[in-house]
$ cat coords05.txt   # compact mmCIF, C-alpha atoms
# COMPACT_ATOMS: atom_id res chain seq x y z
CA MET A 86 -88.07 11.57 33.95
CA LEU A 87 -86.08 10.70 37.05
CA THR A 88 -87.69 10.90 40.48
CA TRP A 89 -84.64 12.22 42.26
CA GLY A 90 -83.87 14.73 45.00
CA ASP A 91 -81.33 15.90 47.53
CA ASP A 92 -81.93 12.83 49.69
CA ASP A 93 -80.63 10.63 46.87
CA ILE A 94 -77.19 12.27 46.87
CA LEU A 95 -74.55 9.90 48.16
CA ASP A 96 -72.15 10.79 50.96
CA GLN A 97 -69.59 13.34 49.73
CA GLU A 98 -67.16 12.97 52.64
CA GLY A 99 -63.55 13.35 51.49
CA ARG A 100 -64.42 15.13 48.24
CA THR A 101 -63.18 18.64 47.46
CA VAL A 102 -65.61 20.73 45.44
CA VAL A 103 -65.12 24.10 43.74
CA VAL A 104 -68.25 26.08 42.82
CA THR A 105 -68.06 29.36 40.92
CA GLY A 106 -70.69 32.00 41.56
CA ALA A 107 -71.52 30.31 44.85
CA ASN A 108 -72.71 33.35 46.80
CA SER A 109 -76.29 33.25 45.44
CA GLY A 110 -78.83 31.30 43.42
CA LEU A 111 -77.96 27.92 41.98
CA GLY A 112 -74.33 28.07 43.06
CA LEU A 113 -75.18 28.81 46.68
CA ARG A 114 -77.78 26.04 46.74
CA ALA A 115 -75.36 23.51 45.23
CA ALA A 116 -72.62 24.51 47.66
CA THR A 117 -75.01 24.24 50.62
CA VAL A 118 -76.27 20.78 49.66
CA LEU A 119 -72.82 19.38 48.89
CA ALA A 120 -71.37 20.72 52.15
CA ALA A 121 -74.27 19.17 54.06
CA LYS A 122 -73.37 15.85 52.42
CA GLY A 123 -69.84 16.10 53.80
CA ALA A 124 -67.86 17.71 50.96
CA ARG A 125 -65.20 20.31 51.47
CA VAL A 126 -66.60 23.20 49.43
CA ILE A 127 -64.60 26.10 48.04
CA LEU A 128 -66.82 28.99 46.99
CA ALA A 129 -65.25 30.93 44.12
CA CYS A 130 -66.94 34.34 44.24
CA ARG A 131 -66.32 37.81 42.85
CA SER A 132 -67.49 39.76 45.91
CA ARG A 133 -65.57 39.37 49.14
CA GLU A 134 -68.49 40.57 51.28
CA ARG A 135 -71.13 38.34 49.69
CA GLY A 136 -68.67 35.47 49.40
CA GLU A 137 -67.71 35.59 53.08
CA ARG A 138 -71.36 35.67 54.07
CA ALA A 139 -72.12 32.66 51.86
CA ALA A 140 -69.05 30.72 53.00
CA ALA A 141 -70.04 31.23 56.63
CA ALA A 142 -73.59 30.04 55.94
CA VAL A 143 -72.41 27.01 53.98
CA GLY A 144 -69.47 26.09 56.17
CA GLY A 145 -67.13 26.40 53.21
CA GLU A 146 -64.08 28.38 52.16
CA LEU A 147 -63.94 31.51 50.04
CA VAL A 148 -61.60 32.07 47.11
CA LEU A 149 -61.99 35.39 45.34
CA ALA A 150 -62.55 34.80 41.64
CA ASP A 151 -64.02 37.17 39.08
CA VAL A 152 -64.44 34.82 36.11
CA ALA A 153 -64.79 37.80 33.76
CA ASP A 154 -61.21 38.81 34.58
CA LEU A 155 -58.63 36.28 33.38
CA ASP A 156 -56.00 37.63 35.76
CA SER A 157 -58.38 36.94 38.66
CA VAL A 158 -59.02 33.45 37.28
CA ARG A 159 -55.29 32.70 37.24
CA ARG A 160 -54.88 33.92 40.82
CA ALA A 161 -57.87 31.87 41.95
CA ALA A 162 -56.60 28.71 40.26
CA ALA A 163 -53.20 29.12 41.92
CA GLU A 164 -54.84 29.62 45.33
CA ILE A 165 -57.07 26.58 44.85
CA HIS A 166 -54.04 24.47 43.95
CA ASP A 167 -52.25 25.67 47.10
CA ARG A 168 -55.20 25.12 49.43
CA THR A 169 -56.16 21.70 48.15
CA GLY A 170 -52.73 20.17 47.79
CA GLU A 171 -53.46 20.06 44.06
CA ARG A 172 -56.44 17.74 44.34
CA VAL A 173 -59.98 18.70 43.28
CA ASP A 174 -62.75 16.12 42.87
CA LEU A 175 -65.51 18.30 41.43
CA LEU A 176 -65.51 21.62 39.57
CA ILE A 177 -68.88 23.29 38.99
CA ASN A 178 -68.69 26.06 36.39
CA ASN A 179 -71.81 27.93 37.46
CA ALA A 180 -71.17 31.69 37.61
CA GLY A 181 -72.91 33.71 34.95
CA ILE A 182 -74.61 36.93 33.94
CA PRO A 183 -77.72 37.43 31.80
CA ALA A 184 -78.20 39.46 28.65
CA GLY A 185 -77.28 43.08 29.20
CA ARG A 186 -75.60 46.10 27.72
CA PHE A 187 -72.40 45.74 25.72
CA ARG A 188 -69.38 45.93 27.97
CA ARG A 189 -65.70 45.04 27.70
CA THR A 190 -63.73 43.21 30.36
CA ALA A 191 -60.25 44.10 31.59
CA GLN A 192 -58.84 41.94 28.77
CA GLY A 193 -61.13 43.51 26.15
CA HIS A 194 -63.60 40.64 25.79
CA GLU A 195 -67.36 41.03 25.54
CA SER A 196 -68.52 40.66 29.13
CA ILE A 197 -71.26 38.02 28.73
CA LEU A 198 -68.98 35.70 26.79
CA ALA A 199 -66.13 36.32 29.22
CA THR A 200 -68.20 35.67 32.34
CA ASN A 201 -70.29 32.74 31.18
CA TYR A 202 -67.69 30.97 29.10
CA LEU A 203 -64.12 32.20 28.70
CA GLY A 204 -63.32 32.44 32.42
CA HIS A 205 -64.70 28.98 33.07
CA ALA A 206 -62.80 27.43 30.19
CA ALA A 207 -59.59 28.99 31.51
CA LEU A 208 -60.30 27.88 35.08
CA THR A 209 -61.03 24.32 33.95
CA TRP A 210 -57.77 24.07 32.03
CA LEU A 211 -55.78 25.59 34.91
CA LEU A 212 -57.31 23.18 37.44
CA MET A 213 -56.99 20.09 35.26
CA PRO A 214 -53.83 18.83 37.05
CA ALA A 215 -55.74 18.94 40.35
CA LEU A 216 -58.77 17.26 38.78
CA ARG A 217 -56.59 14.46 37.41
CA ALA A 218 -55.40 13.89 40.97
CA GLY A 219 -58.99 13.74 42.24
CA LYS A 220 -61.10 10.68 42.85
CA SER A 221 -63.76 10.07 40.18
CA ALA A 222 -63.38 13.73 39.28
CA ARG A 223 -66.01 15.61 37.32
CA VAL A 224 -66.36 18.97 35.61
CA VAL A 225 -69.95 20.23 35.43
CA THR A 226 -70.57 23.20 33.16
CA MET A 227 -73.83 25.13 33.24
CA SER A 228 -75.51 25.79 29.92
CA SER A 229 -79.08 26.91 29.15
CA ILE A 230 -82.09 26.24 26.97
CA ALA A 231 -80.99 29.48 25.31
CA HIS A 232 -78.04 27.65 23.72
CA ARG A 233 -80.48 26.74 20.95
CA GLY A 234 -80.16 30.15 19.35
CA LYS A 235 -78.32 31.66 16.40
CA GLY A 236 -75.09 29.70 16.72
CA PHE A 237 -71.56 30.78 17.55
CA ASP A 238 -69.34 33.07 15.49
CA VAL A 239 -65.88 31.64 16.11
CA GLU A 240 -64.20 34.37 14.06
CA ASP A 241 -65.87 37.27 15.89
CA PRO A 242 -67.07 36.08 19.31
CA ASN A 243 -66.44 39.48 20.92
CA PHE A 244 -68.55 41.45 18.43
CA ASP A 245 -65.57 43.41 17.19
CA HIS A 246 -66.91 43.54 13.63
CA ARG A 247 -70.66 43.04 13.95
CA ARG A 248 -73.53 44.65 15.79
CA PHE A 249 -73.99 43.44 19.34
CA ARG A 250 -77.36 41.94 20.20
CA MET A 251 -78.06 41.02 23.81
CA ALA A 252 -80.03 37.85 23.14
CA TYR A 253 -77.45 36.61 20.65
CA GLY A 254 -74.62 37.37 23.05
CA TYR A 255 -76.20 35.35 25.83
CA SER A 256 -77.20 32.49 23.54
CA GLN A 257 -73.74 32.12 22.02
CA SER A 258 -72.12 32.15 25.47
CA LYS A 259 -74.32 29.26 26.61
CA LEU A 260 -73.78 27.37 23.36
CA ALA A 261 -70.05 27.79 23.91
CA CYS A 262 -70.41 26.33 27.43
CA LEU A 263 -72.10 23.20 26.10
CA MET A 264 -69.69 22.85 23.19
CA PHE A 265 -66.79 23.15 25.61
CA ALA A 266 -68.22 20.50 27.94
CA LEU A 267 -68.64 18.04 25.06
CA GLU A 268 -65.26 18.77 23.51
CA LEU A 269 -63.55 18.48 26.89
CA GLN A 270 -65.14 15.08 27.38
CA GLU A 271 -63.99 13.85 23.98
CA ARG A 272 -60.42 14.92 24.64
CA LEU A 273 -60.40 13.41 28.13
CA HIS A 274 -61.72 10.17 26.67
CA ASN A 275 -59.04 10.17 23.98
CA GLU A 276 -56.30 10.32 26.60
CA ALA A 277 -58.05 7.65 28.73
CA SER A 278 -58.47 10.10 31.60
CA PRO A 279 -60.78 9.13 34.47
CA VAL A 280 -61.99 12.75 34.68
CA VAL A 281 -65.40 13.24 33.07
CA SER A 282 -67.07 16.37 31.70
CA VAL A 283 -70.83 16.83 31.78
CA ALA A 284 -73.29 19.72 31.50
CA ALA A 285 -76.61 20.81 32.96
CA HIS A 286 -79.16 23.58 32.73
CA PRO A 287 -81.74 24.85 35.26
CA GLY A 288 -84.72 25.43 32.99
CA PHE A 289 -86.79 28.42 34.12
CA THR A 290 -85.75 29.00 37.71
CA GLY A 291 -86.48 31.91 40.04
CA THR A 292 -82.96 33.21 40.55
CA GLU A 293 -81.89 36.86 40.57
CA VAL A 294 -80.82 36.68 36.92
CA GLY A 295 -83.81 38.63 35.59
CA ALA A 296 -83.28 41.47 38.03
CA ALA A 297 -79.56 41.50 37.26
CA GLY A 298 -80.37 41.68 33.55
CA ALA A 299 -82.57 44.72 34.12
CA ARG A 300 -79.81 46.45 36.07
CA ASN A 301 -77.27 45.56 33.37
CA GLN A 302 -79.46 47.32 30.84
CA GLY A 303 -79.78 50.45 32.96
CA LEU A 304 -83.34 49.59 33.98
CA GLY A 305 -82.80 49.32 37.71
CA ALA A 306 -86.30 50.60 38.49
CA PHE A 307 -87.73 47.44 36.92
CA ALA A 308 -85.43 45.04 38.74
CA ARG A 309 -87.63 44.45 41.80
CA PRO A 310 -90.95 43.92 39.96
CA LEU A 311 -89.24 41.77 37.34
CA ASN A 312 -87.68 39.67 40.07
CA ALA A 313 -91.06 39.20 41.74
CA LEU A 314 -92.71 38.24 38.44
CA THR A 315 -89.94 35.78 37.58
CA LYS A 316 -90.23 34.03 40.92
CA ALA A 317 -94.01 33.86 40.64
CA LEU A 318 -93.86 32.15 37.23
CA SER A 319 -90.81 29.95 37.66
CA GLN A 320 -89.73 26.95 39.68
CA SER A 321 -87.82 27.38 42.92
CA VAL A 322 -84.03 27.50 43.20
CA PRO A 323 -83.92 24.09 44.96
CA GLU A 324 -85.87 22.58 42.06
CA GLY A 325 -83.72 24.33 39.46
CA THR A 326 -80.52 23.10 41.09
CA LEU A 327 -81.46 19.42 40.85
CA PRO A 328 -80.12 18.85 37.28
CA LEU A 329 -76.81 20.39 38.35
CA LEU A 330 -76.60 18.26 41.49
CA TYR A 331 -77.55 15.14 39.55
CA ALA A 332 -74.81 15.82 36.98
CA ALA A 333 -72.36 16.44 39.83
CA THR A 334 -73.09 13.41 42.00
CA ALA A 335 -75.25 10.67 40.49
CA PRO A 336 -73.30 7.41 40.02
CA ASP A 337 -74.85 6.61 36.63
CA VAL A 338 -73.72 9.87 34.98
CA ARG A 339 -71.43 9.39 31.99
CA GLY A 340 -69.07 11.80 30.31
CA GLY A 341 -70.82 13.96 27.72
CA ASP A 342 -74.23 13.73 29.43
CA TYR A 343 -76.43 16.83 29.55
CA TYR A 344 -79.23 17.21 32.10
CA GLY A 345 -82.13 19.57 32.65
CA PRO A 346 -85.69 19.66 33.97
CA SER A 347 -87.82 16.95 32.43
CA LYS A 348 -91.25 18.58 32.09
CA PHE A 349 -92.85 21.32 29.99
CA GLY A 350 -90.14 21.53 27.34
CA GLU A 351 -87.33 21.32 29.91
CA PHE A 352 -88.56 24.45 31.66
CA PHE A 353 -89.78 22.89 34.91
CA ARG A 354 -89.65 19.99 37.32
CA GLY A 355 -87.68 16.79 37.65
CA VAL A 356 -84.41 15.72 36.11
CA GLY A 357 -83.77 14.08 32.76
CA PRO A 358 -81.56 14.09 29.67
CA ALA A 359 -81.67 17.47 27.93
CA ARG A 360 -81.80 18.11 24.20
CA ILE A 361 -78.54 19.22 22.59
CA ASP A 362 -78.65 21.58 19.64
CA PRO A 363 -76.99 20.02 16.56
CA ARG A 364 -74.48 22.88 16.44
CA ALA A 365 -73.08 21.77 19.80
CA GLN A 366 -72.51 18.33 18.27
CA ASP A 367 -70.51 19.71 15.33
CA LYS A 368 -67.04 18.32 16.06
CA ALA A 369 -65.27 20.60 13.59
CA LEU A 370 -66.89 23.68 15.13
CA ARG A 371 -66.07 22.49 18.63
CA ALA A 372 -62.42 21.99 17.69
CA ARG A 373 -62.28 25.51 16.25
CA LEU A 374 -63.85 26.89 19.41
CA TRP A 375 -61.28 25.02 21.53
CA THR A 376 -58.40 26.59 19.61
CA ARG A 377 -60.03 30.04 19.56
CA THR A 378 -60.63 29.89 23.29
CA ALA A 379 -56.94 29.25 23.89
CA GLU A 380 -56.12 32.28 21.75
CA LEU A 381 -58.59 34.52 23.58
CA THR A 382 -57.63 33.41 27.11
CA GLY A 383 -53.92 32.91 26.67
CA VAL A 384 -54.24 29.66 28.64
CA ARG A 385 -52.81 26.40 27.34
CA PRO A 386 -55.59 23.88 26.69
CA ASP A 387 -55.54 20.80 28.89
CA PRO A 388 -56.05 18.24 27.43
CA ALA A 389 -54.17 19.68 24.47

$ encode --input "coords05.txt" --output "structure tokens"
Amino acid sequence: MLTWGDDDILDQEGRTVVVTGANSGLGLRAATVLAAKGARVILACRSRERGERAAAAVGGELVLADVADLDSVRRAAAEIHDRTGERVDLLINNAGIPAGRFRRTAQGHESILATNYLGHAALTWLLMPALRAGKSARVVTMSSIAHRGKGFDVEDPNFDHRRFRMAYGYSQSKLACLMFALELQERLHNEASPVVSVAAHPGFTGTEVGAAGARNQGLGAFARPLNALTKALSQSVPEGTLPLLYAATAPDVRGGDYYGPSKFGEFFRGVGPARIDPRAQDKALRARLWTRTAELTGVRPDPA
């Protein structure tokens, strides 16, 4: 276990950071801390109202980005390129939704997969030229303990030909995030790129995810009590954000690392290396996912 906190984060002056889902929870906390350390922070958020409020509180800049909508992702990437002069030093792929009812996105993808994974993969590829121009650039992708589930169906990720199950949908989206982070690192390494790809997870943290999950399932009446129960049993958002901030800023981080809480089965407290499910280490499966992701998003992989 690492004894590490916000005070250990080095000066971020001169670094440009993009954080998706930065209007609440882990994303807002990460954006706030990094801005306080001197970084220029771009908050990529779906809601203009919540995003503007968060950007004002953080002292950052808002770019509208609904990661579930690939057209919105393309517009956001283009705007980020324009605003930054095509230089980004840190991309944090954080936005996400919990298990919920089956829904389709504007492009016809299953919404959990699209939000948690496909949009972030597309955004990463689209911003790769700016990341290559960055200084000691990193991509941090958020996964979850839930990635250790039933695996990933590369042939039918959108549940077109099989019964949708909420828990499976969420688990496969988070497995895809970790597989993507590891595959991205391998391909960056193969081209001798200085950009590194790492991953993190927050353990059991008291965000609004539980309440959002209840609303997604049409159980809005349970959202408030579920949110209160989650926060009573879980660690705080500042604690849950530490693995993400460590992955994003610590000087000893190496490409392909994966961090999470270090106590109680990676559910609570501290920062340390997290356990990777063997399926995420399957290079053949990761390569198939990489190709399939390009097909589903219509975005050219970078690195190819």

$ closest_residue --input "coords05.txt" --among "A:Ala180, A:Val356, A:Leu155, A:Val143" --to "A:Ser228" --atoms "all atoms listed in the file"
A:Ala180

$ residues_near_point --input "coords05.txt" --point "(-71.4, 17.2, 41.5)" --cutoff "8 Å" --atoms "all atoms listed in the file" --output "list of chain:residue names"
A:Val102, A:Leu119, A:Leu175, A:Leu176, A:Ile177, A:Arg223, A:Val224, A:Val225, A:Leu329, A:Leu330, A:Tyr331, A:Ala332, A:Ala333, A:Thr334, A:Ala335

$ closest_residue --input "coords05.txt" --among "A:Ser196, A:Gln366, A:Thr226, A:Thr290" --to "A:Asn178" --atoms "all atoms listed in the file"
A:Thr226

$ residues_near_point --input "coords05.txt" --point "(-69.0, 18.7, 30.2)" --cutoff "9 Å" --atoms "all atoms listed in the file" --output "count of residues only"
23

$ residues_around --input "coords05.txt" --residues "A:Thr105" --least-positions-apart "2" --cutoff "7 Å" --atoms "only C-alpha atoms" --output "ChimeraX atom specification"
/A:103,107,112,128-130,177-180

$ atom_distance --input "coords05.txt" --atom1 "atom CA of A:Gly145" --atom2 "atom CA of A:Gly170"
16.6 Å

$ closest_residue --input "coords05.txt" --among "A:Ala206, A:Ala222, A:Val322, A:Ile230" --to "A:Thr376" --atoms "only C-alpha atoms"
A:Ala206

$ atom_distance --input "coords05.txt" --atom1 "atom CA of A:Gly193" --atom2 "atom CA of A:Asp151"
14.7 Å

$ atom_distance --input "coords05.txt" --atom1 "atom CA of A:Ala389" --atom2 "atom CA of A:Ala163"
19.9 Å

$ residues_around --input "coords05.txt" --residues "A:Asp92" --least-positions-apart "2" --cutoff "10 Å" --atoms "all atoms listed in the file" --output "PyMOL selection string"
chain A and resi 89-90+94-95+118+122

$ closest_residue --input "coords05.txt" --among "A:Arg172, A:Arg233, A:Arg250, A:Arg373" --to "A:Arg217" --atoms "only C-alpha atoms"
A:Arg172

$ closest_residue --input "coords05.txt" --among "A:Asp245, A:Glu276, A:Glu195, A:Asp367" --to "A:Asp387" --atoms "all atoms listed in the file"
A:Glu276

$ closest_residue --input "coords05.txt" --among "A:Gly181, A:Asn243, A:Ala140, A:Arg272" --to "A:Ala372" --atoms "only C-alpha atoms"
A:Arg272

$ residues_around --input "coords05.txt" --residues "A:Ser347" --least-positions-apart "6" --cutoff "12 Å" --atoms "all atoms listed in the file" --output "MDAnalysis selection string"
chainID A and resid 86:89 285:289 324:325 327:328 353:360

$ decode --input "coords05.txt" --residues "stretch 120-149 of chain A" --atoms "N, CA and C atoms" --output "PDB file, in the first residue's frame"
ATOM      1  N   ALA A 120      -6.550  21.350 -11.231  1.00  0.00           N
ATOM      2  CA  ALA A 120      -6.559  22.798 -11.458  1.00  0.00           C
ATOM      3  C   ALA A 120      -5.869  23.520 -10.309  1.00  0.00           C
ATOM      4  N   ALA A 121      -6.103  23.051  -9.080  1.00  0.00           N
ATOM      5  CA  ALA A 121      -5.454  23.670  -7.922  1.00  0.00           C
ATOM      6  C   ALA A 121      -3.939  23.498  -7.960  1.00  0.00           C
ATOM      7  N   LYS A 122      -3.480  22.456  -8.669  1.00  0.00           N
ATOM      8  CA  LYS A 122      -2.040  22.224  -8.808  1.00  0.00           C
ATOM      9  C   LYS A 122      -1.453  22.963 -10.002  1.00  0.00           C
ATOM     10  N   GLY A 123      -2.280  23.762 -10.683  1.00  0.00           N
ATOM     11  CA  GLY A 123      -1.766  24.617 -11.744  1.00  0.00           C
ATOM     12  C   GLY A 123      -2.078  24.186 -13.155  1.00  0.00           C
ATOM     13  N   ALA A 124      -2.769  23.059 -13.348  1.00  0.00           N
ATOM     14  CA  ALA A 124      -3.063  22.579 -14.701  1.00  0.00           C
ATOM     15  C   ALA A 124      -4.170  23.409 -15.353  1.00  0.00           C
ATOM     16  N   ARG A 125      -4.107  23.500 -16.641  1.00  0.00           N
ATOM     17  CA  ARG A 125      -5.241  23.997 -17.419  1.00  0.00           C
ATOM     18  C   ARG A 125      -6.172  22.804 -17.620  1.00  0.00           C
ATOM     19  N   VAL A 126      -7.403  22.898 -17.120  1.00  0.00           N
ATOM     20  CA  VAL A 126      -8.311  21.760 -17.128  1.00  0.00           C
ATOM     21  C   VAL A 126      -9.493  22.036 -18.044  1.00  0.00           C
ATOM     22  N   ILE A 127      -9.714  21.132 -18.963  1.00  0.00           N
ATOM     23  CA  ILE A 127     -10.881  21.170 -19.842  1.00  0.00           C
ATOM     24  C   ILE A 127     -11.856  20.111 -19.362  1.00  0.00           C
ATOM     25  N   LEU A 128     -13.045  20.541 -18.980  1.00  0.00           N
ATOM     26  CA  LEU A 128     -14.072  19.637 -18.484  1.00  0.00           C
ATOM     27  C   LEU A 128     -14.972  19.246 -19.645  1.00  0.00           C
ATOM     28  N   ALA A 129     -14.933  17.985 -20.015  1.00  0.00           N
ATOM     29  CA  ALA A 129     -15.761  17.466 -21.112  1.00  0.00           C
ATOM     30  C   ALA A 129     -17.026  16.879 -20.499  1.00  0.00           C
ATOM     31  N   CYS A 130     -18.149  17.587 -20.653  1.00  0.00           N
ATOM     32  CA  CYS A 130     -19.383  17.232 -19.958  1.00  0.00           C
ATOM     33  C   CYS A 130     -20.559  17.200 -20.933  1.00  0.00           C
ATOM     34  N   ARG A 131     -21.528  16.376 -20.604  1.00  0.00           N
ATOM     35  CA  ARG A 131     -22.725  16.254 -21.453  1.00  0.00           C
ATOM     36  C   ARG A 131     -23.676  17.427 -21.260  1.00  0.00           C
ATOM     37  N   SER A 132     -23.862  17.863 -20.016  1.00  0.00           N
ATOM     38  CA  SER A 132     -24.828  18.909 -19.690  1.00  0.00           C
ATOM     39  C   SER A 132     -24.164  20.278 -19.692  1.00  0.00           C
ATOM     40  N   ARG A 133     -24.709  21.194 -20.453  1.00  0.00           N
ATOM     41  CA  ARG A 133     -24.154  22.545 -20.457  1.00  0.00           C
ATOM     42  C   ARG A 133     -24.324  23.201 -19.092  1.00  0.00           C
ATOM     43  N   GLU A 134     -25.505  23.088 -18.506  1.00  0.00           N
ATOM     44  CA  GLU A 134     -25.765  23.758 -17.227  1.00  0.00           C
ATOM     45  C   GLU A 134     -24.849  23.229 -16.129  1.00  0.00           C
ATOM     46  N   ARG A 135     -24.793  21.905 -15.971  1.00  0.00           N
ATOM     47  CA  ARG A 135     -23.950  21.343 -14.910  1.00  0.00           C
ATOM     48  C   ARG A 135     -22.475  21.543 -15.226  1.00  0.00           C
ATOM     49  N   GLY A 136     -22.135  21.471 -16.513  1.00  0.00           N
ATOM     50  CA  GLY A 136     -20.752  21.673 -16.912  1.00  0.00           C
ATOM     51  C   GLY A 136     -20.272  23.086 -16.658  1.00  0.00           C
ATOM     52  N   GLU A 137     -21.102  24.085 -16.951  1.00  0.00           N
ATOM     53  CA  GLU A 137     -20.718  25.473 -16.711  1.00  0.00           C
ATOM     54  C   GLU A 137     -20.560  25.734 -15.221  1.00  0.00           C
ATOM     55  N   ARG A 138     -21.447  25.144 -14.425  1.00  0.00           N
ATOM     56  CA  ARG A 138     -21.337  25.317 -12.980  1.00  0.00           C
ATOM     57  C   ARG A 138     -20.037  24.708 -12.457  1.00  0.00           C
ATOM     58  N   ALA A 139     -19.709  23.515 -12.949  1.00  0.00           N
ATOM     59  CA  ALA A 139     -18.478  22.844 -12.514  1.00  0.00           C
ATOM     60  C   ALA A 139     -17.246  23.595 -12.988  1.00  0.00           C
ATOM     61  N   ALA A 140     -17.260  24.046 -14.240  1.00  0.00           N
ATOM     62  CA  ALA A 140     -16.108  24.770 -14.786  1.00  0.00           C
ATOM     63  C   ALA A 140     -15.844  26.043 -14.000  1.00  0.00           C
ATOM     64  N   ALA A 141     -16.920  26.734 -13.602  1.00  0.00           N
ATOM     65  CA  ALA A 141     -16.757  27.956 -12.819  1.00  0.00           C
ATOM     66  C   ALA A 141     -16.162  27.641 -11.448  1.00  0.00           C
ATOM     67  N   ALA A 142     -16.607  26.549 -10.844  1.00  0.00           N
ATOM     68  CA  ALA A 142     -16.098  26.169  -9.521  1.00  0.00           C
ATOM     69  C   ALA A 142     -14.640  25.732  -9.581  1.00  0.00           C
ATOM     70  N   VAL A 143     -14.284  25.046 -10.653  1.00  0.00           N
ATOM     71  CA  VAL A 143     -12.929  24.517 -10.807  1.00  0.00           C
ATOM     72  C   VAL A 143     -11.958  25.576 -11.286  1.00  0.00           C
ATOM     73  N   GLY A 144     -12.464  26.513 -12.084  1.00  0.00           N
ATOM     74  CA  GLY A 144     -11.583  27.445 -12.774  1.00  0.00           C
ATOM     75  C   GLY A 144     -11.079  26.844 -14.065  1.00  0.00           C
ATOM     76  N   GLY A 145     -11.913  26.020 -14.680  1.00  0.00           N
ATOM     77  CA  GLY A 145     -11.545  25.346 -15.921  1.00  0.00           C
ATOM     78  C   GLY A 145     -12.397  25.808 -17.086  1.00  0.00           C
ATOM     79  N   GLU A 146     -12.338  25.034 -18.176  1.00  0.00           N
ATOM     80  CA  GLU A 146     -13.060  25.362 -19.399  1.00  0.00           C
ATOM     81  C   GLU A 146     -13.988  24.207 -19.750  1.00  0.00           C
ATOM     82  N   LEU A 147     -15.154  24.545 -20.246  1.00  0.00           N
ATOM     83  CA  LEU A 147     -16.139  23.530 -20.618  1.00  0.00           C
ATOM     84  C   LEU A 147     -16.095  23.240 -22.105  1.00  0.00           C
ATOM     85  N   VAL A 148     -16.081  21.943 -22.430  1.00  0.00           N
ATOM     86  CA  VAL A 148     -16.344  21.473 -23.788  1.00  0.00           C
ATOM     87  C   VAL A 148     -17.499  20.494 -23.698  1.00  0.00           C
ATOM     88  N   LEU A 149     -18.545  20.727 -24.463  1.00  0.00           N
ATOM     89  CA  LEU A 149     -19.685  19.817 -24.434  1.00  0.00           C
ATOM     90  C   LEU A 149     -19.319  18.511 -25.114  1.00  0.00           C
TER      91      LEU A 149
END
